[in-house]
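These notes concern the structure reproduced below.
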4 protein chains.
Amino acid sequence: MSNQLGNLLTLNTFGESHGIAYGGVVNNFPAGLLIDFEAIQHQLDRRKPGQSAIVTQRKESDKVKFLSGIFEGRSTGAPIGFIIENENQKSRDYDHLAQAYRPSHADYTYDQKFGFRDHRGGGKSSARETINWVAAGSLAKQLLGGIEIQAYVSSVGDIFCDMPYQELDLRKIDDNIVRCPDEETALKMIDRIKEVKKQGNTIGGSITCVVKNVPAGWGEPVFGKLQAELGKAMLNINACKGFEYGSGFSGAEMLGSEHNDLFNENGTTQTNLSGGIQGGISNGMDIYFRVAFKPVATILRPQESIDKEGKRLTVEGKGRHDPCVLPRAIPVVEALTAFVLADMMLIHKTRKL
Amino acid sequence: MSNQLGNLLTLNTFGESHGIAYGGVVNNFPAGLLIDFEAIQHQLDRRKPGQSAIVTQRKESDKVKFLSGIFEGRSTGAPIGFIIENENQKSRDYDHLAQAYRPSHADYTYDQKFGFRDHRGGGKSSARETINWVAAGSLAKQLLGGIEIQAYVSSVGDIFCDMPYQELDLRKIDDNIVRCPDEETALKMIDRIKEVKKQGNTIGGSITCVVKNVPAGWGEPVFGKLQAELGKAMLNINACKGFEYGSGFSGAEMLGSEHNDLFNENGTTQTNLSGGIQGGISNGMDIYFRVAFKPVATILRPQESIDKEGKRLTVEGKGRHDPCVLPRAIPVVEALTAFVLADMMLIHKTRKL
Amino acid sequence: MSNQLGNLLTLNTFGESHGIAYGGVVNNFPAGLLIDFEAIQHQLDRRKPGQSAIVTQRKESDKVKFLSGIFEGRSTGAPIGFIIENENQKSRDYDHLAQAYRPSHADYTYDQKFGFRDHRGGGKSSARETINWVAAGSLAKQLLGGIEIQAYVSSVGDIFCDMPYQELDLRKIDDNIVRCPDEETALKMIDRIKEVKKQGNTIGGSITCVVKNVPAGWGEPVFGKLQAELGKAMLNINACKGFEYGSGFSGAEMLGSEHNDLFNENGTTQTNLSGGIQGGISNGMDIYFRVAFKPVATILRPQESIDKEGKRLTVEGKGRHDPCVLPRAIPVVEALTAFVLADMMLIHKTRKL
Amino acid sequence: MSNQLGNLLTLNTFGESHGIAYGGVVNNFPAGLLIDFEAIQHQLDRRKPGQSAIVTQRKESDKVKFLSGIFEGRSTGAPIGFIIENENQKSRDYDHLAQAYRPSHADYTYDQKFGFRDHRGGGKSSARETINWVAAGSLAKQLLGGIEIQAYVSSVGDIFCDMPYQELDLRKIDDNIVRCPDEETALKMIDRIKEVKKQGNTIGGSITCVVKNVPAGWGEPVFGKLQAELGKAMLNINACKGFEYGSGFSGAEMLGSEHNDLFNENGTTQTNLSGGIQGGISNGMDIYFRVAFKPVATILRPQESIDKEGKRLTVEGKGRHDPCVLPRAIPVVEALTAFVLADMMLIHKTRKL
């Protein structure tokens, strides 16, 4: 249903940037899993503001509290409710924006849709909503056993990590604050972000996500193709502008004779331009995809704009904002990937007698 | 739910390439619409095989028959059932493939998922399923009043239509068989496809879709963002490898100061890198997006492959296949866009007191 | 979603009484089941008009045709489309009713809801829709292995089959045309229906359904309780006015000390007032419930009524109608029960690690 | 989807009897409604334990806290999260029950389904879950404008309030602690409950619910019939054993000529055996239905039972329990009715051009 993530394993979330709390309900979670709470908090900490010099300096402890569905450390099969309290809401930072429409924000569209809006910090349209997804997705990750989900920053502006993921050591993703496993490129990215930040500007980029050890058979043949469910989840992330998997847009420039992945005798393929998915169903090879993010719309510079009545005014970002959303978006991409895969895994259990 | 398109306005489809018929049920279609059956058939004809020299030469009449939900020409509010009979199934063309796994097809993954498969012409994984989407989406299009949805081929291999859509005359899309409104580029594309076809090969490309006159306010704020629903629909199309909207992947290379769309006093924006969507909700500007398609996997050349038991064999496409799927995918992209928009429109009706 | 049966295993149907055809799509049906087509047709034949002296004398062959999702006799996991063509539509029988609102029919409410309606034979509101449910539910039944679902007529008017189901020989249900396994009561019921029919009148009654061999564990704890899903399905049947399971309404007159089912050491219970369900989840005991049906609203007698403009007129049933819907509703109750159970069974597969 | 209430307006809940908190997410709630928080709390207070001598003497403040989706007192269209903290969990009261299967409770079925369970106070199967439904349903009620929803206790054991609801003064429902508007019957019911309580026993009964001012047109024609959605909601209530609407089970004893509701010229009907619903769609007349509740399974008497290993033991209810669930179930029935109607109202907005 609309505003819900997942088909069988579902997530309904709530919360606004300057409200009391974020939280959600994970429904139809299987019983019997011993939950690793630290692993979930670890992912929330990777998403947390204030963690490095190249992200927003807001302070939030971002502690998730699970309220139900877990007994003596194990999932019971009952709905899992969770909450993350907001602590550091400086609503007054936004008073000057009550009537203003910030360029490329959702202020205008929310007013058009709903007639009014909670203007504080973007209200519902704030990317702080992704905290719910990290909590729920990191929980879902634990259903996936040995499946590895690793995302990294593959470009910042025009600085690209050109090496294919196979040549990167993905264990090094967290070795630097931008979360690009190629150290040399990472340094360039960090410098670029610092420079942009100094200018009160922001910058876009892309994230590559690699999933290993997904067994063959996950994904649904008609309207629940694995890439479609993954793409939908990613395109729901604030600032996401595009999604491609396997050969992606560059595959559109190729010939069939170049693009086809020939089989080995054991069913693996010699190449993997398919990105681990054929006909919407995993084939056991690595799944990989790339997600494009536009630059954050809030810049610390004056911009011409209008207010609710169409009067001209100048807006200027105040407070503490991200010059580049990419490093903090890594756990969001990983968490949504985990949630989608867990949903597909559960449905798959029912598809054969 | 899984394998269903839409949230409130829903589509459930059925049919396999060499089965008796395709068809589906459109549920929750509003009452009172006078249906233009010719407009629907027109879109099916644009998708039909055999329509030009650069598509498959299979012959199918592809006539849709509506079975319910319409009385005296008007929708009644009851579920609309429809059927499209298969006529030209040459199942024997596929007998040699009963056990073979064709490279980059879904043969292997279907067997892994379901234990066996209908191997004739790809069975359920055949792109002939898109005929259902054209029927249902073209029906849904009629709910959208003055909204214009126009898709065109924007690249074939490395031949790109470089002009932004605003500089193209979209009324010329059907003036040539490749469906690119820039005549000069179209001729190059057609030549390229013919050359590829002669070689028994196939080629990929991309489609750009432009939607005009969507009012501000459609799309849902959390997990039903308009771009996410559009992206999901597109990524379900066979051979689709990527989706980007507005500035897309190139937006990821930009600065916030470059990327932000400044407002005019009437709420329109001076630029439209947002692609008509902010915060997941339409803002009244043109919505545009691009979809990448890989080259068709069936090539008329021998390829090394394996069979169900992992034994080596050679497969070679026989019969009549598309050297390039793009021209016939145009009405598919348009139809899915229409269906998603109609679903979002209906939900939007309920979102404000 | 609205107008859909099932949560994971879903059914979307279409068709009107005097349209071209009925049919539907069963989605997410597991792969690998060898389908017994005769068993499905057998249930359709039990529902068929014209089968005995106490039901409508309309003639329809009611043959179901499966169009997809089955290959070489086995379910493939793809959506299963089916169609049942209408043959015997005498639309003219209804011309006099185009504007009339028949008492206790849905004519008025359809007009109020949708603005107009297909008036022929009740259009969408006709109980002929249940033919879809028998087709789909009898298919779903085959997923349930050794589970027995047996429904019988337990009352007609004030003639009750007073024996508890345990004392009846349920193999005798089809031994008489009213489908009550107690021969003596059956004869009284048949006489009563014939008498009512002679008077151009109709009569209500109730159906009891008994399900054996459901394993413990099916049903969902919050909003998908097994009795709630069963009750919803039954209450969707045309003319259904009530649903009770286990002790039902009579259980509401009891004390806790009388009503509690004490356990045997093997987990079975000494009594079964629970009706095989505790906390919304099957406990392995027989599931049994009773469904109330009002008398058919179409009577072959003049009734005062109004037309669309509120003008007074007299309506009088013409054509061929059921004096009592119960005997033909038996396979409908069984089929819906099977569909709900199959859906719950599939979901249950995912609820434990 | 499974474990979710509603189709478009949805409710996902969480919480266990002795967990940290109950709560939930209401999704797709329309924007712009001024929320009356006191009205919601008032309904929670009507459900609260300890409110009279004939209900459990547990003490809980049962204060609901809304966490999101409301800004400056108005709904924003964003998901509405809420929480109700548990205060008075005496988990030790249940230690003796960790392994025991209480008769006619869900202990056995939860273990069978999920492999283990939170045994404290029934865990997820506790009727305390209904607190979520009262919170969410009372919120939804406010979408319904002038619609009146009034439930009352219509029987306790074999004491029936025999007058039809039209002859009762429904404003008097809360004038006595059993919530039966017929004072004389109410006194008998109260005496009966007190007597039963003294004996450590419990007693069942039924609730009648009357809904006035629903406009014609709500409800969906195929699988979303209004009575089916209402019935499903009611049958999800703990201890509910049956549902009937309009003439209900007694309608099954009638003839068509007796049962049909003849029209007045303005579209109202002279009688209302239909219960305000024809063909699954409201007709503008009063909607009324009755719900049967079995006696509470926890009795303060020794009962023979078994434990998880099948060993014989004696269980005896301790602590504070309801001798009769009816008075506290009144706001639950009203709240679920409101939620279902609000969902149907929103969907109906989309069903006509």
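Chain identifiers are assigned as A, B, and so on, following the order in which chains appear in the structure tokens; residues are numbered from 1 within each chain, and ligands are numbered from 1 in order of appearance.
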
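The interface of chain C with chain A at 8 Å, considering only C-alpha atoms, consists of Met1, Leu8, Asn28, Phe29, Pro30, Ala31, Gly32, Leu33, Gly77, Ala78, Pro221, Leu346, Ile347, Lys349, Thr350, Arg351, Lys352 and Leu353 of chain C.
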
Per residue of stretch 107-152 of chain A within 10 Å of stretch 83-86 of chain A, note the shortest atom pair and the distance in Å to one decimal, counting only C-alpha atoms, and order the rows by chain and increasing residue number, as a tab-separated table.
```
residue	atom	partner	partner_atom	distance
A:Arg128	CA	A:Asn86	CA	9.8
A:Ile131	CA	A:Ile84	CA	8.2
A:Asn132	CA	A:Ile84	CA	7.9
A:Ala135	CA	A:Ile84	CA	9.0
```

File dump, residues just selected, all heavy atoms, as an mmCIF file, in the first residue's frame:
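And here is the file that came out, part.cif:
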```
data_model
loop_
_atom_site.group_PDB
_atom_site.id
_atom_site.type_symbol
_atom_site.label_atom_id
_atom_site.label_comp_id
_atom_site.auth_asym_id
_atom_site.auth_seq_id
_atom_site.Cartn_x
_atom_site.Cartn_y
_atom_site.Cartn_z
ATOM 1 N N ARG A 128 15.679 13.294 7.790
ATOM 2 C CA ARG A 128 15.809 12.597 9.080
ATOM 3 C C ARG A 128 14.905 11.359 9.116
ATOM 4 O O ARG A 128 15.169 10.429 9.864
ATOM 5 C CB ARG A 128 15.486 13.554 10.229
ATOM 6 C CG ARG A 128 15.827 12.982 11.591
ATOM 7 C CD ARG A 128 16.022 14.031 12.675
ATOM 8 N NE ARG A 128 15.925 13.449 14.010
ATOM 9 C CZ ARG A 128 16.843 12.673 14.568
ATOM 10 N NH1 ARG A 128 17.946 12.399 13.912
ATOM 11 N NH2 ARG A 128 16.667 12.180 15.771
ATOM 12 N N ILE A 131 16.285 7.819 9.242
ATOM 13 C CA ILE A 131 16.721 7.142 10.472
ATOM 14 C C ILE A 131 15.833 5.933 10.745
ATOM 15 O O ILE A 131 16.303 4.891 11.221
ATOM 16 C CB ILE A 131 16.733 8.140 11.654
ATOM 17 C CG1 ILE A 131 17.624 7.613 12.769
ATOM 18 C CG2 ILE A 131 15.335 8.428 12.181
ATOM 19 C CD1 ILE A 131 17.892 8.653 13.845
ATOM 20 N N ASN A 132 14.565 6.052 10.443
ATOM 21 C CA ASN A 132 13.651 4.920 10.611
ATOM 22 C C ASN A 132 14.061 3.751 9.724
ATOM 23 O O ASN A 132 13.943 2.586 10.095
ATOM 24 C CB ASN A 132 12.223 5.331 10.211
ATOM 25 C CG ASN A 132 11.566 6.241 11.218
ATOM 26 O OD1 ASN A 132 11.804 6.131 12.417
ATOM 27 N ND2 ASN A 132 10.722 7.152 10.725
ATOM 28 N N ALA A 135 17.043 1.912 11.067
ATOM 29 C CA ALA A 135 16.675 1.048 12.196
ATOM 30 C C ALA A 135 15.994 -0.227 11.691
ATOM 31 O O ALA A 135 16.398 -1.343 12.036
ATOM 32 C CB ALA A 135 15.754 1.798 13.156
#
```

Discussion item. Please compute the atom CA of A:Ser206-atom CA of B:Glu244 distance, one decimal, in Å.
Written reply: 12.5 Å

Discussion item. List as a list in words the protein and nucleic acid residues near B:Val340, meaning an atom at most 9 Å away when only C-alpha atoms are counted, but skip any in the same chain fewer than 3 places from it.
Written reply: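 Non-adjacent residues within range: Leu5, Gly6, Asn7, Leu9, Gly137, Ala140, Leu226, Glu229, Leu230, Ala233, Ala335, Leu336, Thr337, Asp343, Met344 and Met345 of chain B.
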
Any idea what's packed within 8 Å of D:Gly205, counting only C-alpha atoms, ignoring anything in its chain fewer than 3 positions away? Could you give it as a tab-separated table (two decimals) with N, CA, C and O atoms, in the first residue's frame?
```
chain	number	residue	atom	x	y	z
C	252	ALA	N	-22.02	-16.86	23.80
C	252	ALA	CA	-22.16	-15.60	24.53
C	252	ALA	C	-23.09	-15.74	25.73
C	252	ALA	O	-23.19	-14.85	26.56
C	253	GLU	N	-23.79	-16.87	25.82
C	253	GLU	CA	-24.70	-17.08	26.95
C	253	GLU	C	-24.06	-17.92	28.05
C	253	GLU	O	-24.70	-18.22	29.06
D	153	VAL	N	-24.33	-2.73	25.44
D	153	VAL	CA	-24.39	-4.13	25.80
D	153	VAL	C	-25.83	-4.61	25.63
D	153	VAL	O	-26.73	-4.10	26.30
D	154	SER	N	-26.03	-5.56	24.73
D	154	SER	CA	-27.40	-6.01	24.48
D	154	SER	C	-27.71	-7.37	25.11
D	154	SER	O	-28.86	-7.79	25.13
D	155	SER	N	-26.68	-8.04	25.62
D	155	SER	CA	-26.95	-9.24	26.44
D	155	SER	C	-25.75	-9.54	27.30
D	155	SER	O	-24.60	-9.25	26.94
D	156	VAL	N	-26.06	-10.12	28.47
D	156	VAL	CA	-25.03	-10.68	29.35
D	156	VAL	C	-25.55	-12.05	29.73
D	156	VAL	O	-26.63	-12.17	30.33
D	157	GLY	N	-24.81	-13.08	29.35
D	157	GLY	CA	-25.32	-14.43	29.58
D	157	GLY	C	-26.68	-14.57	28.91
D	157	GLY	O	-26.83	-14.23	27.72
D	158	ASP	N	-27.68	-15.02	29.69
D	158	ASP	CA	-29.01	-15.18	29.09
D	158	ASP	C	-29.93	-14.00	29.40
D	158	ASP	O	-31.15	-14.07	29.20
D	292	ALA	N	-21.03	-11.13	19.13
D	292	ALA	CA	-21.06	-12.06	20.27
D	292	ALA	C	-19.68	-12.20	20.90
D	292	ALA	O	-18.69	-12.33	20.18
D	293	PHE	N	-19.65	-12.18	22.22
D	293	PHE	CA	-18.38	-12.39	22.95
D	293	PHE	C	-18.51	-13.60	23.87
D	293	PHE	O	-19.47	-13.70	24.63
D	294	LYS	N	-17.54	-14.46	23.80
D	294	LYS	CA	-17.50	-15.60	24.73
D	294	LYS	C	-17.09	-15.09	26.12
D	294	LYS	O	-16.57	-13.97	26.25
D	295	PRO	N	-17.30	-15.87	27.15
D	295	PRO	CA	-16.81	-15.48	28.47
D	295	PRO	C	-15.28	-15.46	28.48
D	295	PRO	O	-14.64	-16.27	27.80
D	326	LEU	N	-17.66	-7.17	28.41
D	326	LEU	CA	-18.56	-6.35	27.59
D	326	LEU	C	-18.46	-4.85	27.82
D	326	LEU	O	-18.31	-4.08	26.86
```

Practice prompt. Apply DSSP to the backbone of this structure and, from stretch 172-259 of chain D, keep only the residues in strand (DSSP E); write these as a ChimeraX atom specification.
Written response: /D:205-212,240-245

Worksheet entry | Long-range neighbours of D:Val134 as an NGL selection string, 9 Å cut-off, only C-alpha atoms, 3 positions minimum in chain | :D and (40 or 43-44 or 47 or 130-131 or 137-139 or 331-336)

File dump, residues just selected, N, CA, C and O atoms, as an mmCIF file, in the first residue's frame:
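Generated file (out_37.cif):
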```cif
data_model
loop_
_atom_site.group_PDB
_atom_site.id
_atom_site.type_symbol
_atom_site.label_atom_id
_atom_site.label_comp_id
_atom_site.auth_asym_id
_atom_site.auth_seq_id
_atom_site.Cartn_x
_atom_site.Cartn_y
_atom_site.Cartn_z
ATOM 1 N N ILE D 40 -10.568 11.619 22.130
ATOM 2 C CA ILE D 40 -9.856 10.341 22.019
ATOM 3 C C ILE D 40 -9.576 9.778 23.409
ATOM 4 O O ILE D 40 -9.825 8.608 23.694
ATOM 5 N N GLN D 43 -12.532 8.183 25.088
ATOM 6 C CA GLN D 43 -12.832 6.806 24.697
ATOM 7 C C GLN D 43 -11.855 5.826 25.350
ATOM 8 O O GLN D 43 -12.248 4.730 25.757
ATOM 9 N N LEU D 44 -10.593 6.229 25.451
ATOM 10 C CA LEU D 44 -9.627 5.369 26.149
ATOM 11 C C LEU D 44 -10.032 5.191 27.606
ATOM 12 O O LEU D 44 -9.874 4.110 28.179
ATOM 13 N N ARG D 47 -12.551 2.602 28.085
ATOM 14 C CA ARG D 47 -12.000 1.250 27.957
ATOM 15 C C ARG D 47 -11.109 0.872 29.140
ATOM 16 O O ARG D 47 -10.801 -0.297 29.367
ATOM 17 N N THR D 130 -6.260 -3.962 22.220
ATOM 18 C CA THR D 130 -7.401 -3.158 21.768
ATOM 19 C C THR D 130 -7.264 -1.682 22.146
ATOM 20 O O THR D 130 -7.969 -0.838 21.606
ATOM 21 N N ILE D 131 -6.353 -1.387 23.056
ATOM 22 C CA ILE D 131 -6.130 0.019 23.406
ATOM 23 C C ILE D 131 -5.651 0.795 22.177
ATOM 24 O O ILE D 131 -6.012 1.959 21.972
ATOM 25 N N GLY D 137 -8.976 4.381 16.234
ATOM 26 C CA GLY D 137 -10.355 4.458 15.754
ATOM 27 C C GLY D 137 -11.042 5.738 16.207
ATOM 28 O O GLY D 137 -11.842 6.320 15.459
ATOM 29 N N SER D 138 -10.719 6.177 17.398
ATOM 30 C CA SER D 138 -11.335 7.413 17.882
ATOM 31 C C SER D 138 -10.785 8.622 17.133
ATOM 32 O O SER D 138 -11.466 9.630 16.967
ATOM 33 N N LEU D 139 -9.563 8.490 16.691
ATOM 34 C CA LEU D 139 -9.000 9.506 15.804
ATOM 35 C C LEU D 139 -9.734 9.485 14.462
ATOM 36 O O LEU D 139 -10.176 10.527 13.954
ATOM 37 N N PRO D 331 -16.182 0.787 23.742
ATOM 38 C CA PRO D 331 -15.394 1.727 22.929
ATOM 39 C C PRO D 331 -14.543 1.040 21.870
ATOM 40 O O PRO D 331 -14.192 1.666 20.857
ATOM 41 N N VAL D 332 -14.222 -0.220 22.067
ATOM 42 C CA VAL D 332 -13.451 -0.960 21.057
ATOM 43 C C VAL D 332 -14.311 -1.174 19.809
ATOM 44 O O VAL D 332 -13.871 -0.929 18.678
ATOM 45 N N VAL D 333 -15.538 -1.611 20.031
ATOM 46 C CA VAL D 333 -16.459 -1.816 18.903
ATOM 47 C C VAL D 333 -16.704 -0.493 18.181
ATOM 48 O O VAL D 333 -16.666 -0.431 16.938
ATOM 49 N N GLU D 334 -16.911 0.560 18.930
ATOM 50 C CA GLU D 334 -17.152 1.865 18.304
ATOM 51 C C GLU D 334 -15.939 2.338 17.505
ATOM 52 O O GLU D 334 -16.078 2.875 16.402
ATOM 53 N N ALA D 335 -14.762 2.124 18.066
ATOM 54 C CA ALA D 335 -13.546 2.622 17.416
ATOM 55 C C ALA D 335 -13.267 1.873 16.117
ATOM 56 O O ALA D 335 -12.938 2.480 15.087
ATOM 57 N N LEU D 336 -13.405 0.563 16.165
ATOM 58 C CA LEU D 336 -13.161 -0.214 14.937
ATOM 59 C C LEU D 336 -14.192 0.143 13.869
ATOM 60 O O LEU D 336 -13.866 0.228 12.675
#
```

Worksheet item: From the set D:Arg179, D:Lys308, D:His18, D:Lys141, which residue has the shortest atom-to-atom contact distance to D:Ala98, counting only C-alpha atoms?
Response: D:Lys308

Item to complete: Identify, on the basis of only C-alpha atoms, every residue whose closest approach to D:Cys161 does not exceed 10 Å; exclude the query and any residue fewer than 2 positions from it along the same chain; express the result as a list in words.
Response: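 Once the nearby chain positions are removed, what remains is Tyr152, Val153, Ser154, Ser155, Val156, Asp158, Ile159, Met163, Pro164, Tyr165, Leu168, Cys180, Pro181, Asp182, Glu183, Glu184, Thr185, Ala186, Met189, Ser206 and Thr208 of chain D.
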
Discussion item. Just want the 7 Å neighbourhood of D:Lys124, counted on only C-alpha atoms, with same-chain residues fewer than 6 positions away dropped. Output as a ChimeraX atom specification.
Written reply: /A:78 /D:15-17

Residues of the last selection are to be written out with N, CA, C and O atoms, as a PDB file, in the first residue's frame.
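Printed below is result18.pdb as written:
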```
ATOM      1  N   ALA A  78       5.527 -11.149  16.615  1.00  0.00           N
ATOM      2  CA  ALA A  78       4.606 -10.019  16.776  1.00  0.00           C
ATOM      3  C   ALA A  78       5.224  -8.767  16.154  1.00  0.00           C
ATOM      4  O   ALA A  78       6.439  -8.697  15.961  1.00  0.00           O
TER       5      ALA A  78
ATOM      6  N   GLY D  15       2.812  -3.846  20.406  1.00  0.00           N
ATOM      7  CA  GLY D  15       2.708  -3.854  21.863  1.00  0.00           C
ATOM      8  C   GLY D  15       2.264  -5.173  22.444  1.00  0.00           C
ATOM      9  O   GLY D  15       1.499  -5.909  21.832  1.00  0.00           O
ATOM     10  N   GLU D  16       2.780  -5.458  23.631  1.00  0.00           N
ATOM     11  CA  GLU D  16       2.355  -6.634  24.378  1.00  0.00           C
ATOM     12  C   GLU D  16       1.978  -6.220  25.791  1.00  0.00           C
ATOM     13  O   GLU D  16       2.474  -5.222  26.302  1.00  0.00           O
ATOM     14  N   SER D  17       1.186  -7.055  26.390  1.00  0.00           N
ATOM     15  CA  SER D  17       0.642  -6.803  27.712  1.00  0.00           C
ATOM     16  C   SER D  17       1.695  -6.315  28.714  1.00  0.00           C
ATOM     17  O   SER D  17       1.477  -5.377  29.454  1.00  0.00           O
TER      18      SER D  17
END
```

Would you give me, as a tab-separated table (two decimals) with N, CA and C atoms, in the first residue's frame, the residues in stretch 191-244 of chain B that DSSP reads as alpha helix (DSSP H)?
```tsv
chain	number	residue	atom	x	y	z
B	191	ASP	N	19.51	3.26	-39.45
B	191	ASP	CA	20.61	2.60	-40.15
B	191	ASP	C	21.37	1.66	-39.22
B	192	ARG	N	21.62	2.16	-38.04
B	192	ARG	CA	22.38	1.35	-37.06
B	192	ARG	C	21.62	0.06	-36.73
B	193	ILE	N	20.34	0.18	-36.52
B	193	ILE	CA	19.55	-1.01	-36.17
B	193	ILE	C	19.53	-2.01	-37.33
B	194	LYS	N	19.39	-1.47	-38.55
B	194	LYS	CA	19.38	-2.37	-39.71
B	194	LYS	C	20.70	-3.12	-39.86
B	195	GLU	N	21.77	-2.40	-39.61
B	195	GLU	CA	23.11	-2.99	-39.70
B	195	GLU	C	23.27	-4.10	-38.65
B	196	VAL	N	22.85	-3.78	-37.45
B	196	VAL	CA	22.93	-4.74	-36.35
B	196	VAL	C	22.08	-5.97	-36.65
B	197	LYS	N	20.92	-5.73	-37.21
B	197	LYS	CA	20.00	-6.82	-37.53
B	197	LYS	C	20.63	-7.75	-38.56
B	198	LYS	N	21.25	-7.14	-39.56
B	198	LYS	CA	21.89	-7.92	-40.61
B	198	LYS	C	22.94	-8.86	-40.03
B	226	LEU	N	6.51	10.00	-6.03
B	226	LEU	CA	6.11	9.86	-7.43
B	226	LEU	C	7.22	9.25	-8.28
B	227	GLN	N	8.45	9.72	-8.08
B	227	GLN	CA	9.56	9.16	-8.87
B	227	GLN	C	9.81	7.69	-8.52
B	228	ALA	N	9.53	7.31	-7.27
B	228	ALA	CA	9.75	5.92	-6.87
B	228	ALA	C	8.72	5.00	-7.53
B	229	GLU	N	7.49	5.47	-7.60
B	229	GLU	CA	6.45	4.66	-8.25
B	229	GLU	C	6.71	4.57	-9.76
B	230	LEU	N	7.12	5.69	-10.35
B	230	LEU	CA	7.46	5.66	-11.78
B	230	LEU	C	8.66	4.76	-12.03
B	231	GLY	N	9.67	4.92	-11.20
B	231	GLY	CA	10.88	4.11	-11.36
B	231	GLY	C	10.59	2.63	-11.22
B	232	LYS	N	9.79	2.30	-10.23
B	232	LYS	CA	9.45	0.89	-10.03
B	232	LYS	C	8.76	0.32	-11.27
B	233	ALA	N	7.81	1.08	-11.80
B	233	ALA	CA	7.08	0.61	-12.99
B	233	ALA	C	8.05	0.39	-14.15
B	234	MET	N	8.94	1.35	-14.37
B	234	MET	CA	9.86	1.24	-15.50
B	234	MET	C	10.81	0.06	-15.32
B	235	LEU	N	11.32	-0.10	-14.09
B	235	LEU	CA	12.30	-1.15	-13.83
B	235	LEU	C	11.67	-2.54	-13.93
```

Worksheet item: When you draw a straight line from atom CA of B:Ala342 to atom CA of B:Ile207, how long is it in Å?
Response: 21.1 Å

Worksheet item: In terms of the shortest atom-to-atom distance over only C-alpha atoms, which of B:Val325, B:Gly317, B:Glu265, B:Ala39 is closest to A:Tyr108?
Response: B:Glu265

Worksheet item: What is the distance, in Å and to one decimal place, between atom CA of D:Leu262 and atom CA of C:Asn3?
Response: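 Computing the Euclidean distance for atom CA of D:Leu262 and atom CA of C:Asn3 yields 28.6 Å.
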